[in-house]
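K.L.:
Encoded as C-alpha cells, here's the structure I'll be asking about.
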Amino acid sequence: MVVVLIGPMGCGKTTIGKLLAVRLGWPFDDADDFHPKENVDKMRAGIPLTDQDRQGWLATLAARIDRRKAAGENLLLACSALKQKYRDLLGIDQRQVVSVYLKGDFDLLQRRLEERKQHYMNRDLLTSQLAAMEEPVGGLILDIGPEPAVLAGKIASWLQQLQGSK
C-alpha cells in the first residue's frame, strides 16, 4: 500500500510521515527532496510553482509510487498534492494508493512555519498554497491540532482498519 500525506506547508507531513514510518516499519519519501533545482530556487524566492513547474516532479513521484506498487511494497510519501489533478497523476485511488489530508487553518500553519528552521520554502507561499488547495474527496482527513505522535497513531489505526477490510 502507498499512503500519501497531503496538505499545505506547515501541516506536518514530514514530521508525521517520519513518525509513522518508524511505527509501521515502512520506507518514507519526502516529495520536497525530488524537486528540481529550478523549482527549489523559485520556492526559496517566494514564487509559487505553476502546474507546468510541477509536471516533471509529479511524474517522478508517480514513477516511484508505480515501482512500489508493482513490487508489492509499502511506501509513505509526504507530498502537498494541493489539487485533485495532482492527486490523479500520483494515482491516488483510495485503494492501493490512499491519501491522508492534514488540514489546518491559516493561523496554526503560520505559527508552525515561524518555528521552522532550515527549510527552503519561503513562508510567504502559504497563502498561495491555501488558495490552490482543493480538499480531497475520500481518504482520511485529520485536523492537525493534536500532537504529531497522536496523529501518527490515528493514521496507523485507520490503515489497520483499511487493510483488515481488504
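By order of appearance in the C-alpha cells: chains A, B, ..., then residues from 1 within every chain, and ligands from 1 in the order shown.
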Just want the 8 Å neighbourhood of segment 51-59 of chain A, counted on only C-alpha atoms, with same-chain residues fewer than 5 positions away dropped. Output as number ranges by chain.
P.N.:
A: 34-36, 39, 86, 89-90
K.L.:
Can you spit out the residues from that selection as an mmCIF file, in the first residue's frame, using N, CA and C atoms?
P.N.:
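The resulting file, result06.cif, is reproduced below:
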```
data_model
loop_
_atom_site.group_PDB
_atom_site.id
_atom_site.type_symbol
_atom_site.label_atom_id
_atom_site.label_comp_id
_atom_site.auth_asym_id
_atom_site.auth_seq_id
_atom_site.Cartn_x
_atom_site.Cartn_y
_atom_site.Cartn_z
ATOM 1 N N PHE A 34 12.582 15.723 -4.102
ATOM 2 C CA PHE A 34 12.606 15.353 -5.514
ATOM 3 C C PHE A 34 12.382 16.536 -6.455
ATOM 4 N N HIS A 35 12.234 17.736 -5.896
ATOM 5 C CA HIS A 35 12.065 18.917 -6.747
ATOM 6 C C HIS A 35 13.361 19.214 -7.494
ATOM 7 N N PRO A 36 13.270 19.585 -8.769
ATOM 8 C CA PRO A 36 14.470 20.035 -9.477
ATOM 9 C C PRO A 36 14.945 21.377 -8.913
ATOM 10 N N ASN A 39 12.804 24.518 -9.396
ATOM 11 C CA ASN A 39 11.641 24.645 -8.514
ATOM 12 C C ASN A 39 12.065 25.128 -7.129
ATOM 13 N N TYR A 86 -3.324 16.786 -9.418
ATOM 14 C CA TYR A 86 -2.024 16.287 -8.959
ATOM 15 C C TYR A 86 -2.200 14.919 -8.315
ATOM 16 N N LEU A 89 -2.598 12.350 -10.938
ATOM 17 C CA LEU A 89 -1.310 11.994 -11.542
ATOM 18 C C LEU A 89 -0.517 11.035 -10.647
ATOM 19 N N LEU A 90 -0.665 11.183 -9.341
ATOM 20 C CA LEU A 90 0.029 10.300 -8.397
ATOM 21 C C LEU A 90 -0.649 8.935 -8.276
#
```
K.L.:
Could you name the residues that touch segment 108-113 of chain A at 9 Å or less, counting only C-alpha atoms, but leaving out those on the same chain fewer than 5 positions away, as a PyMOL selection string?
P.N.:
chain A and resi 8-12+123+126+144-145
K.L.:
In Å, rounded to a single decimal, give me how far atom CA of Thr127 of chain A is from atom CA of Ala45 of chain A.
P.N.:
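Atom CA of Thr127 of chain A lies at a distance of 14.5 Å from atom CA of Ala45 of chain A.
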K.L.:
Go through A:Met133, A:Leu49, A:Leu159, A:Val150 and flag the residue nearest Arg87 of chain A, using only C-alpha atoms for the distances.
P.N.:
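Looking at the shortest contact to Arg87 of chain A, the residue is A:Met133.
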K.L.:
Measuring between only C-alpha atoms, which one of A:Ile155, A:Ile16, A:Val2, A:Ile141 shows the shortest distance to Arg95 of chain A?
P.N.:
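When distances to Arg95 of chain A are compared using only C-alpha atoms, the smallest one comes from A:Val2.
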